[in-house]
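Asks: Pasting upload_17.csv here (CSV, C-alpha atoms (C1' of nucleotides)):
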```
chain,number,residue,atom,x,y,z
A,1,MET,CA,0.0,0.0,0.0
A,2,ALA,CA,3.1,2.2,0.3
A,3,ALA,CA,5.9,2.9,-2.1
A,4,GLY,CA,8.2,-0.1,-2.8
A,5,SER,CA,11.1,-0.9,-5.0
A,6,LEU,CA,11.2,-4.6,-5.5
A,7,ILE,CA,14.1,-5.2,-3.1
A,8,SER,CA,14.1,-4.6,0.5
A,9,GLN,CA,15.8,-1.8,2.3
A,10,THR,CA,18.1,-4.3,3.8
A,11,ALA,CA,19.1,-5.7,0.4
A,12,GLU,CA,19.9,-2.2,-0.7
A,13,TYR,CA,22.1,-1.7,2.3
A,14,ALA,CA,23.9,-4.9,1.7
A,15,LEU,CA,24.7,-3.9,-1.9
A,16,ARG,CA,26.0,-0.5,-0.9
A,17,ALA,CA,28.2,-2.2,1.7
A,18,VAL,CA,29.6,-4.7,-0.7
A,19,VAL,CA,30.3,-2.1,-3.3
A,20,CYS,CA,32.0,0.0,-0.6
A,21,LEU,CA,34.2,-3.0,0.4
A,22,ALA,CA,35.0,-3.7,-3.2
A,23,GLN,CA,36.4,-0.2,-3.6
A,24,HIS,CA,38.7,-0.8,-0.7
A,25,ALA,CA,40.0,-3.9,-2.4
A,26,GLY,CA,41.8,-6.1,0.1
A,27,GLU,CA,42.0,-3.9,3.1
A,28,ALA,CA,39.7,-4.7,6.0
A,29,CYS,CA,37.1,-2.1,6.7
A,30,THR,CA,35.2,-1.7,10.0
A,31,THR,CA,31.5,-1.3,10.0
A,32,GLN,CA,32.1,2.2,11.2
A,33,ILE,CA,34.0,3.1,8.0
A,34,VAL,CA,31.5,1.5,5.7
A,35,ALA,CA,28.7,3.2,7.6
A,36,ASP,CA,30.3,6.5,7.2
A,37,GLU,CA,31.0,6.1,3.5
A,38,THR,CA,27.7,4.7,2.6
A,39,HIS,CA,25.6,6.8,5.0
A,40,LEU,CA,23.9,3.9,6.6
A,41,PRO,CA,22.9,3.4,10.2
A,42,GLN,CA,25.9,1.8,11.8
A,43,GLY,CA,24.1,-0.6,14.1
A,44,TYR,CA,21.8,-2.0,11.6
A,45,LEU,CA,24.6,-2.2,9.0
A,46,ALA,CA,26.5,-4.4,11.5
A,47,LYS,CA,23.7,-6.9,11.3
A,48,VAL,CA,23.5,-6.9,7.6
A,49,MET,CA,27.2,-7.5,7.3
A,50,GLN,CA,26.9,-10.3,9.7
A,51,SER,CA,24.4,-11.9,7.4
A,52,LEU,CA,26.7,-11.4,4.4
A,53,THR,CA,29.5,-13.0,6.4
A,54,ARG,CA,27.4,-16.0,7.3
A,55,ALA,CA,26.4,-16.3,3.6
A,56,GLY,CA,30.1,-16.4,2.7
A,57,ILE,CA,30.2,-13.2,0.8
A,58,LEU,CA,32.3,-11.4,3.3
A,59,GLN,CA,35.1,-12.4,5.6
A,60,SER,CA,35.3,-10.9,9.0
A,61,LYS,CA,38.2,-10.6,11.3
A,62,ARG,CA,37.7,-9.7,14.9
A,63,GLY,CA,39.9,-7.7,17.3
A,64,LEU,CA,42.1,-4.8,16.7
A,65,HIS,CA,42.7,-3.9,13.1
A,66,GLY,CA,39.9,-6.3,12.2
A,67,GLY,CA,37.0,-5.6,9.9
A,68,PHE,CA,35.4,-7.0,6.8
A,69,THR,CA,36.7,-7.9,3.4
A,70,LEU,CA,35.2,-9.5,0.4
A,71,ALA,CA,35.5,-13.3,0.4
A,72,ARG,CA,35.8,-13.4,-3.4
A,73,PRO,CA,36.8,-11.0,-6.1
A,74,PRO,CA,34.1,-8.5,-7.1
A,75,SER,CA,33.8,-10.2,-10.5
A,76,GLU,CA,32.6,-13.4,-8.7
A,77,ILE,CA,29.9,-11.8,-6.6
A,78,SER,CA,26.6,-11.2,-8.3
A,79,ILE,CA,24.0,-8.8,-7.3
A,80,PHE,CA,21.8,-11.8,-6.8
A,81,ASP,CA,24.3,-13.3,-4.3
A,82,VAL,CA,24.1,-10.2,-2.2
A,83,ILE,CA,20.3,-9.9,-2.3
A,84,ASP,CA,19.8,-13.5,-1.7
A,85,ALA,CA,22.1,-13.5,1.4
A,86,VAL,CA,19.9,-11.0,3.3
A,87,ASP,CA,16.5,-11.3,1.7
A,88,PRO,CA,16.1,-14.5,-0.2
A,89,ILE,CA,13.9,-14.4,-3.2
A,90,ARG,CA,12.3,-17.6,-4.2
A,91,PRO,CA,10.3,-18.6,-7.1
A,92,TYR,CA,6.9,-20.1,-6.4
A,93,VAL,CA,7.2,-23.8,-6.1
A,94,THR,CA,3.7,-24.3,-5.1
A,95,CYS,CA,0.6,-22.2,-5.6
A,96,PRO,CA,0.1,-20.1,-2.5
A,97,LEU,CA,-3.6,-20.6,-2.8
A,98,ASP,CA,-4.3,-23.5,-0.5
A,99,PHE,CA,-6.3,-25.3,-3.0
A,100,PRO,CA,-4.5,-28.6,-3.0
A,101,TRP,CA,-5.2,-29.2,-6.7
A,102,HIS,CA,-3.1,-26.2,-7.5
A,103,CYS,CA,0.0,-27.7,-6.0
A,104,GLU,CA,1.1,-29.8,-8.8
A,105,THR,CA,1.1,-27.4,-11.7
A,106,LEU,CA,1.1,-23.7,-10.9
A,107,CYS,CA,-2.0,-21.8,-12.0
A,108,PRO,CA,-1.5,-19.3,-14.8
A,109,LEU,CA,-1.3,-16.4,-12.4
A,110,HIS,CA,1.5,-17.9,-10.4
A,111,ARG,CA,3.2,-19.2,-13.4
A,112,SER,CA,3.4,-15.6,-14.7
A,113,LEU,CA,4.6,-14.2,-11.4
A,114,ASP,CA,7.1,-17.0,-11.3
A,115,ASP,CA,8.4,-15.9,-14.8
A,116,LEU,CA,8.7,-12.3,-13.5
A,117,ILE,CA,10.7,-13.5,-10.5
A,118,ILE,CA,12.9,-15.8,-12.5
A,119,GLY,CA,13.6,-13.0,-15.0
A,120,PHE,CA,14.6,-10.8,-12.1
A,121,ILE,CA,16.8,-13.5,-10.6
A,122,GLU,CA,18.5,-14.3,-13.9
A,123,GLN,CA,19.3,-10.7,-14.7
A,124,SER,CA,20.6,-10.1,-11.2
A,125,LYS,CA,22.8,-13.1,-11.5
A,126,ARG,CA,24.3,-11.7,-14.6
A,127,THR,CA,25.4,-8.5,-13.0
A,128,THR,CA,28.5,-8.6,-10.8
A,129,ILE,CA,29.8,-6.2,-8.2
A,130,GLU,CA,32.7,-5.5,-10.6
A,131,ASP,CA,30.2,-4.2,-13.1
A,132,ILE,CA,28.8,-1.6,-10.8
A,133,LEU,CA,32.0,-0.2,-9.4
A,134,PRO,CA,32.1,3.6,-9.8
A,135,ARG,CA,34.7,4.7,-12.3
A,136,ASP,CA,35.7,7.9,-10.6
A,137,GLU,CA,36.3,7.8,-6.9
A,138,PRO,CA,33.4,9.1,-4.9
A,139,LYS,CA,34.7,12.4,-3.8
A,140,PRO,CA,32.6,15.6,-3.6
A,141,PRO,CA,33.1,17.1,-7.1
A,142,PRO,CA,34.3,20.7,-7.5
A,143,ARG,CA,31.1,22.7,-6.8
A,144,ARG,CA,30.2,23.9,-10.2
A,145,ARG,CA,27.1,26.0,-10.4
A,146,SER,CA,25.3,24.4,-13.3
A,147,PRO,CA,21.7,25.5,-13.9
A,148,ARG,CA,19.6,22.7,-12.6
A,149,LYS,CA,15.9,22.1,-12.2
A,150,ALA,CA,15.5,21.7,-8.6
A,151,LEU,CA,14.3,18.1,-8.3
A,152,PRO,CA,11.6,17.8,-5.7
A,153,ARG,CA,13.2,16.1,-2.8
A,154,GLY,CA,10.2,15.4,-0.7
A,155,ARG,CA,8.9,11.8,-0.5
A,156,ARG,CA,6.0,11.8,-3.0
A,157,ARG,CA,3.2,10.3,-1.0
A,158,ALA,CA,0.2,10.8,-3.2
A,159,SER,CA,-3.0,10.8,-1.2
A,160,ARG,CA,-4.8,9.6,-4.3
B,161,MET,CA,16.1,-10.7,6.3
B,162,ALA,CA,13.1,-12.9,5.9
B,163,ALA,CA,11.7,-14.7,2.8
B,164,GLY,CA,10.4,-12.4,0.2
B,165,SER,CA,9.0,-12.7,-3.3
B,166,LEU,CA,9.5,-9.4,-5.0
B,167,ILE,CA,5.9,-8.3,-4.8
B,168,SER,CA,4.0,-7.7,-1.6
B,169,GLN,CA,1.4,-9.9,-0.1
B,170,THR,CA,-1.1,-7.2,-0.8
B,171,ALA,CA,-0.2,-7.1,-4.5
B,172,GLU,CA,-0.6,-10.9,-4.7
B,173,TYR,CA,-4.0,-10.5,-3.1
B,174,ALA,CA,-5.0,-7.9,-5.6
B,175,LEU,CA,-4.0,-10.1,-8.5
B,176,ARG,CA,-6.0,-13.0,-7.2
B,177,ALA,CA,-9.0,-10.8,-6.7
B,178,VAL,CA,-8.8,-9.3,-10.2
B,179,VAL,CA,-8.4,-12.7,-11.8
B,180,CYS,CA,-11.4,-13.9,-9.8
B,181,LEU,CA,-13.5,-11.0,-11.0
B,182,ALA,CA,-12.4,-11.6,-14.6
B,183,GLN,CA,-13.7,-15.2,-14.3
B,184,HIS,CA,-17.1,-13.8,-13.4
B,185,ALA,CA,-17.1,-11.6,-16.4
B,186,GLY,CA,-19.7,-8.9,-16.1
B,187,GLU,CA,-21.5,-9.9,-12.9
B,188,ALA,CA,-20.9,-7.9,-9.8
B,189,CYS,CA,-19.2,-9.9,-7.0
B,190,THR,CA,-19.2,-9.0,-3.4
B,191,THR,CA,-16.0,-9.1,-1.4
B,192,GLN,CA,-17.5,-12.0,0.4
B,193,ILE,CA,-17.7,-14.1,-2.8
B,194,VAL,CA,-14.2,-13.1,-3.9
B,195,ALA,CA,-12.8,-13.8,-0.5
B,196,ASP,CA,-14.4,-17.3,-0.5
B,197,GLU,CA,-13.2,-18.2,-3.9
B,198,THR,CA,-9.7,-16.9,-3.4
B,199,HIS,CA,-9.2,-17.9,0.2
B,200,LEU,CA,-8.3,-14.4,1.3
B,201,PRO,CA,-9.1,-12.7,4.5
B,202,GLN,CA,-12.4,-10.9,3.9
B,203,GLY,CA,-11.7,-7.7,5.8
B,204,TYR,CA,-8.3,-7.0,4.3
B,205,LEU,CA,-9.5,-7.9,0.9
B,206,ALA,CA,-12.1,-5.2,1.2
B,207,LYS,CA,-9.4,-2.7,1.6
B,208,VAL,CA,-7.4,-4.0,-1.3
B,209,MET,CA,-10.4,-3.9,-3.6
B,210,GLN,CA,-11.0,-0.3,-2.4
B,211,SER,CA,-7.5,0.6,-3.6
B,212,LEU,CA,-8.2,-1.1,-6.9
B,213,THR,CA,-11.4,0.8,-7.3
B,214,ARG,CA,-9.7,4.1,-6.6
B,215,ALA,CA,-7.0,3.2,-9.1
B,216,GLY,CA,-9.7,2.7,-11.7
B,217,ILE,CA,-9.2,-1.0,-12.2
B,218,LEU,CA,-12.5,-2.0,-10.6
B,219,GLN,CA,-15.9,-0.4,-10.4
B,220,SER,CA,-17.9,-0.7,-7.3
B,221,LYS,CA,-21.6,-0.5,-6.7
B,222,ARG,CA,-23.0,-0.1,-3.3
B,223,GLY,CA,-26.2,-1.3,-1.9
B,224,LEU,CA,-28.2,-4.5,-2.4
B,225,HIS,CA,-26.9,-6.5,-5.3
B,226,GLY,CA,-23.9,-4.3,-5.4
B,227,GLY,CA,-20.3,-5.6,-5.6
B,228,PHE,CA,-17.3,-5.2,-7.8
B,229,THR,CA,-16.7,-5.6,-11.5
B,230,LEU,CA,-13.7,-5.0,-13.7
B,231,ALA,CA,-13.6,-1.4,-15.1
B,232,ARG,CA,-12.0,-2.7,-18.3
B,233,PRO,CA,-11.9,-6.0,-20.2
B,234,PRO,CA,-9.2,-8.3,-18.8
B,235,SER,CA,-7.1,-7.9,-22.0
B,236,GLU,CA,-6.7,-4.2,-21.1
B,237,ILE,CA,-5.5,-4.7,-17.5
B,238,SER,CA,-1.9,-5.6,-17.1
B,239,ILE,CA,-0.3,-7.3,-14.1
B,240,PHE,CA,1.6,-4.1,-13.7
B,241,ASP,CA,-1.6,-2.0,-13.4
B,242,VAL,CA,-2.7,-4.2,-10.6
B,243,ILE,CA,0.5,-4.2,-8.7
B,244,ASP,CA,1.0,-0.5,-9.2
B,245,ALA,CA,-2.4,0.2,-7.8
B,246,VAL,CA,-1.8,-1.3,-4.4
B,247,ASP,CA,2.0,-1.3,-4.1
B,248,PRO,CA,3.6,1.2,-6.5
B,249,ILE,CA,7.0,0.2,-7.8
B,250,ARG,CA,9.0,3.1,-8.9
B,251,PRO,CA,12.4,3.2,-10.7
B,252,TYR,CA,15.1,5.2,-8.9
B,253,VAL,CA,15.0,8.7,-10.2
B,254,THR,CA,17.7,9.9,-7.8
B,255,CYS,CA,20.3,8.0,-6.0
B,256,PRO,CA,19.0,7.1,-2.5
B,257,LEU,CA,22.4,7.9,-1.1
B,258,ASP,CA,22.1,11.4,0.1
B,259,PHE,CA,25.3,12.4,-1.6
B,260,PRO,CA,24.1,15.4,-3.6
B,261,TRP,CA,26.5,14.8,-6.3
B,262,HIS,CA,24.9,11.5,-7.0
B,263,CYS,CA,21.6,13.1,-7.9
B,264,GLU,CA,22.2,14.0,-11.5
B,265,THR,CA,23.4,10.7,-12.8
B,266,LEU,CA,22.7,7.5,-11.0
B,267,CYS,CA,25.7,5.7,-9.7
B,268,PRO,CA,26.4,2.4,-11.3
B,269,LEU,CA,24.8,0.4,-8.5
B,270,HIS,CA,21.5,2.2,-8.7
B,271,ARG,CA,21.6,2.3,-12.5
B,272,SER,CA,21.8,-1.5,-12.4
B,273,LEU,CA,19.0,-1.8,-9.8
B,274,ASP,CA,17.0,0.6,-12.0
B,275,ASP,CA,17.5,-1.7,-14.9
B,276,LEU,CA,16.3,-4.6,-12.9
B,277,ILE,CA,13.2,-2.7,-11.8
B,278,ILE,CA,12.5,-1.5,-15.3
B,279,GLY,CA,12.9,-5.0,-16.7
B,280,PHE,CA,10.3,-6.2,-14.1
B,281,ILE,CA,8.0,-3.4,-14.9
B,282,GLU,CA,8.2,-3.9,-18.7
B,283,GLN,CA,7.5,-7.6,-18.4
B,284,SER,CA,4.6,-7.1,-16.0
B,285,LYS,CA,3.2,-4.5,-18.4
B,286,ARG,CA,3.3,-7.0,-21.2
B,287,THR,CA,1.2,-9.6,-19.4
B,288,THR,CA,-2.5,-9.0,-19.1
B,289,ILE,CA,-5.2,-10.5,-16.9
B,290,GLU,CA,-6.6,-12.3,-19.9
B,291,ASP,CA,-3.2,-14.0,-20.3
B,292,ILE,CA,-3.5,-15.6,-16.9
B,293,LEU,CA,-7.1,-16.7,-16.8
B,294,PRO,CA,-7.2,-20.4,-16.0
B,295,ARG,CA,-8.4,-22.5,-18.9
B,296,ASP,CA,-10.4,-25.0,-16.9
B,297,GLU,CA,-12.8,-23.7,-14.3
B,298,PRO,CA,-11.4,-23.9,-10.8
B,299,LYS,CA,-13.5,-26.7,-9.3
B,300,PRO,CA,-12.2,-29.4,-7.1
B,301,PRO,CA,-11.2,-32.2,-9.5
B,302,PRO,CA,-12.5,-35.7,-9.1
B,303,ARG,CA,-10.4,-37.0,-6.2
B,304,ARG,CA,-8.0,-39.2,-8.0
B,305,ARG,CA,-5.5,-41.0,-5.9
B,306,SER,CA,-2.3,-40.2,-7.6
B,307,PRO,CA,0.9,-41.0,-5.8
B,308,ARG,CA,2.2,-37.7,-4.7
B,309,LYS,CA,5.0,-36.6,-2.5
B,310,ALA,CA,3.4,-34.8,0.4
B,311,LEU,CA,4.7,-31.3,0.0
B,312,PRO,CA,5.7,-29.6,3.2
B,313,ARG,CA,3.0,-27.1,4.0
B,314,GLY,CA,4.6,-25.3,6.9
B,315,ARG,CA,5.9,-21.8,6.5
B,316,ARG,CA,9.7,-22.2,6.1
B,317,ARG,CA,11.0,-19.6,8.5
B,318,ALA,CA,14.7,-20.3,8.7
B,319,SER,CA,16.2,-18.9,11.9
B,320,ARG,CA,19.6,-18.5,10.3
C,321,DA,C1',49.1,-9.4,31.2
C,322,DA,C1',46.6,-5.2,30.2
C,323,DT,C1',44.4,-2.5,27.0
C,324,DA,C1',42.0,-1.0,23.2
C,325,DA,C1',39.7,-2.1,18.8
C,326,DA,C1',36.8,-4.6,16.6
C,327,DC,C1',33.1,-8.3,15.6
C,328,DT,C1',29.0,-11.1,17.9
C,329,DG,C1',24.8,-11.6,19.9
C,330,DG,C1',20.8,-10.4,22.3
C,331,DA,C1',17.3,-7.2,24.1
C,332,DC,C1',14.6,-3.6,23.1
C,333,DA,C1',12.2,0.5,20.4
C,334,DT,C1',10.1,2.1,16.3
C,335,DT,C1',7.7,1.8,12.2
C,336,DG,C1',5.2,-0.5,8.3
C,337,DT,C1',2.5,-4.2,6.7
C,338,DT,C1',-1.2,-7.2,7.3
C,339,DG,C1',-5.5,-8.4,9.4
C,340,DT,C1',-9.9,-7.6,12.2
C,341,DC,C1',-13.9,-5.2,13.6
C,342,DT,C1',-17.4,-1.7,14.0
C,343,DT,C1',-19.9,2.2,12.3
C,344,DT,C1',-21.5,5.0,8.5
C,345,DT,C1',-23.1,5.7,3.9
C,346,DT,C1',-25.4,4.3,-0.3
C,347,DG,C1',-28.3,1.7,-3.0
C,348,DT,C1',-32.3,-1.9,-3.9
C,349,DC,C1',-36.5,-3.9,-3.0
C,350,DG,C1',-41.0,-4.6,-0.9
D,351,DC,C1',-41.0,4.8,3.8
D,352,DG,C1',-38.7,0.9,6.1
D,353,DA,C1',-35.8,-3.0,6.0
D,354,DC,C1',-31.8,-4.9,4.3
D,355,DA,C1',-27.5,-5.6,1.7
D,356,DA,C1',-23.5,-4.0,0.4
D,357,DA,C1',-19.3,-0.8,0.0
D,358,DA,C1',-16.7,3.0,2.5
D,359,DA,C1',-14.2,4.5,6.2
D,360,DG,C1',-11.8,4.4,10.3
D,361,DA,C1',-10.1,2.5,14.8
D,362,DC,C1',-7.4,-0.9,16.5
D,363,DA,C1',-4.5,-5.5,17.0
D,364,DA,C1',-0.8,-8.6,15.6
D,365,DC,C1',3.3,-9.3,13.5
D,366,DA,C1',7.4,-8.5,10.7
D,367,DA,C1',11.1,-5.2,9.1
D,368,DT,C1',14.0,-1.8,10.5
D,369,DG,C1',16.9,0.5,13.8
D,370,DT,C1',19.3,1.3,18.5
D,371,DC,C1',21.9,-0.1,22.3
D,372,DC,C1',24.8,-2.6,25.3
D,373,DA,C1',27.3,-6.4,27.2
D,374,DG,C1',30.4,-10.2,25.7
D,375,DT,C1',34.2,-12.1,23.0
D,376,DT,C1',38.2,-12.1,20.1
D,377,DT,C1',42.7,-10.2,18.6
D,378,DA,C1',46.7,-7.1,17.9
D,379,DT,C1',49.7,-4.3,20.3
D,380,DT,C1',52.4,-2.7,24.1
```
Render the structure in this file as structure tokens.

Replies:
Amino acid sequence: MAAGSLISQTAEYALRAVVCLAQHAGEACTTQIVADETHLPQGYLAKVMQSLTRAGILQSKRGLHGGFTLARPPSEISIFDVIDAVDPIRPYVTCPLDFPWHCETLCPLHRSLDDLIIGFIEQSKRTTIEDILPRDEPKPPPRRRSPRKALPRGRRRASR
Amino acid sequence: MAAGSLISQTAEYALRAVVCLAQHAGEACTTQIVADETHLPQGYLAKVMQSLTRAGILQSKRGLHGGFTLARPPSEISIFDVIDAVDPIRPYVTCPLDFPWHCETLCPLHRSLDDLIIGFIEQSKRTTIEDILPRDEPKPPPRRRSPRKALPRGRRRASR
DNA sequence: AATAAACTGGACATTGTTGTCTTTTTGTCG
DNA sequence: CGACAAAAAGACAACAATGTCCAGTTTATT
């Protein structure tokens, strides 16, 4: 009933974190650093990174000078891997209608939804973290005063 | 962090309801009837149908012999229309990172996510309600005793 | 060994989604 | 007109997602 964007907030956070770590290739980053660079709530991010670690996408090292690193090179981590780690997306295997006679073959509705989901999954498996690394380092650009239509910033919340 | 399936429960309900109404071509159905046939909670379904009505997908008629009908033929209602009515999916127009310098051009991450979303939207626009009408009417089939592996019915809720 | 830095895990708060219920409004029929 | 059937609207409950906080554990350094 509210605005959505297919993937959960948590999955978005996970992706930002992984991209951030990829940019620091090799060196361990603390949640604090990642939180600062990605503008994410530090506490919650810690949990997300824990999930990513348990899923084998990150490696964690405790203690002084510890932190997180990618467990594999960015080219071997897909967007799907990251989303799936924190917010698993599953095709319909059975029709969620509890008609038992729908269980063997999906009804057309859920077959179509399944196709949508599978399409999403396939495409997200094709894109790797390497593909989405920013070219230019993320530093505040020289403040150039270009004429710009002020984009409405407020959360559009149409009352309908 | 829990199991998801791209579209919200509410959107799923909306689709089931619209399909149900399409099967009753023309005749007004009460929420009670739709709830019974789709196995959805009657009270909540009423709200979902209200949303669909406000979005112009359904027409409602109050009073005795009232109910809901499709506002357009099934071939002119896409899956996207229905999902969008209850749970709007929007591409990223600005980078959700609050770095102002990300606002003009999306960063690669959000450009990729945007592509995923757009792919989903496009495909869901291509599929209409007519496409997903069940061929055979949804009646309990003659109870034939086919050997069948009892599918686990319980809600998988992995504790991780 | 002591200390400080970092992840881990759990309790809790807040908010959004899903679901229920009751009252009000609108329309039909006798 | 009166009775009734239905949607509309709103209050509220239950539960899951999101976010905060703190105590516990591990590790490098001194």

Asks: A:Ile132, A:Leu116, A:Cys107, A:Val86: which is nearest Gln50 (chain A), counting only C-alpha atoms?

Replies: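 Among A:Ile132, A:Leu116, A:Cys107, A:Val86, it is A:Val86 that comes nearest to Gln50 (chain A).
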
Asks: Would you compute the distance between CA of Ser5 (chain A) and CA of Pro251 (chain B)? Give it in Å to one decimal.

Replies: 7.1 Å

Asks: Could you work out which residues of chain A fall inside 8 Å of chain B? Count only C-alpha atoms, and format the result as a PyMOL selection string.

Replies: chain A and resi 1-7+10+15-16+19+38-39+86-91+97-98+101+107-109+112+116-117+119-120+123-124+127+131-134+140-141+160

Asks: Counting all atoms listed in the file, which residue out of C:DA331, C:DG339, C:DA326, C:DA321 sits closest to chain A?

Replies: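 Closest candidate: C:DA326.
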
Asks: Counting only C-alpha atoms (C1' of nucleotides), collect the residues of chain A whose closest atom lies at most 8 Å from chain C, and write them out as a list in words.

Replies: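 On the chain A side, the interface is Thr30, Ser60, Lys61, Arg62, Gly63, Leu64, His65, Gly66 and Gly67 of chain A.
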
Asks: For CA of Cys29 (chain A) and CA of Phe80 (chain A), quote the distance in Å rounded to one decimal.

Replies: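 That distance, rounded to one decimal, is 22.6 Å.
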
Asks: For a test of reading the model, state the distance in Å between C1' of DG369 (chain D) and CA of Ala25 (chain A), rounded to one decimal.

Replies: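 Those two atoms sit 28.6 Å apart.
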
Asks: Once you count all atoms listed in the file, which residues of chain D turn out to be within 6 Å of chain B? Could you give them as an MDAnalysis selection string?

Replies: chainID D and resid 355:357

Asks: Would you mind telling me which residue in B:Pro201, B:Tyr173, B:Lys285, B:Ile278 lies nearest to Asp241 (chain B) when using all atoms listed in the file?

Replies: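 Among the listed residues, B:Lys285 lies closest to Asp241 (chain B).
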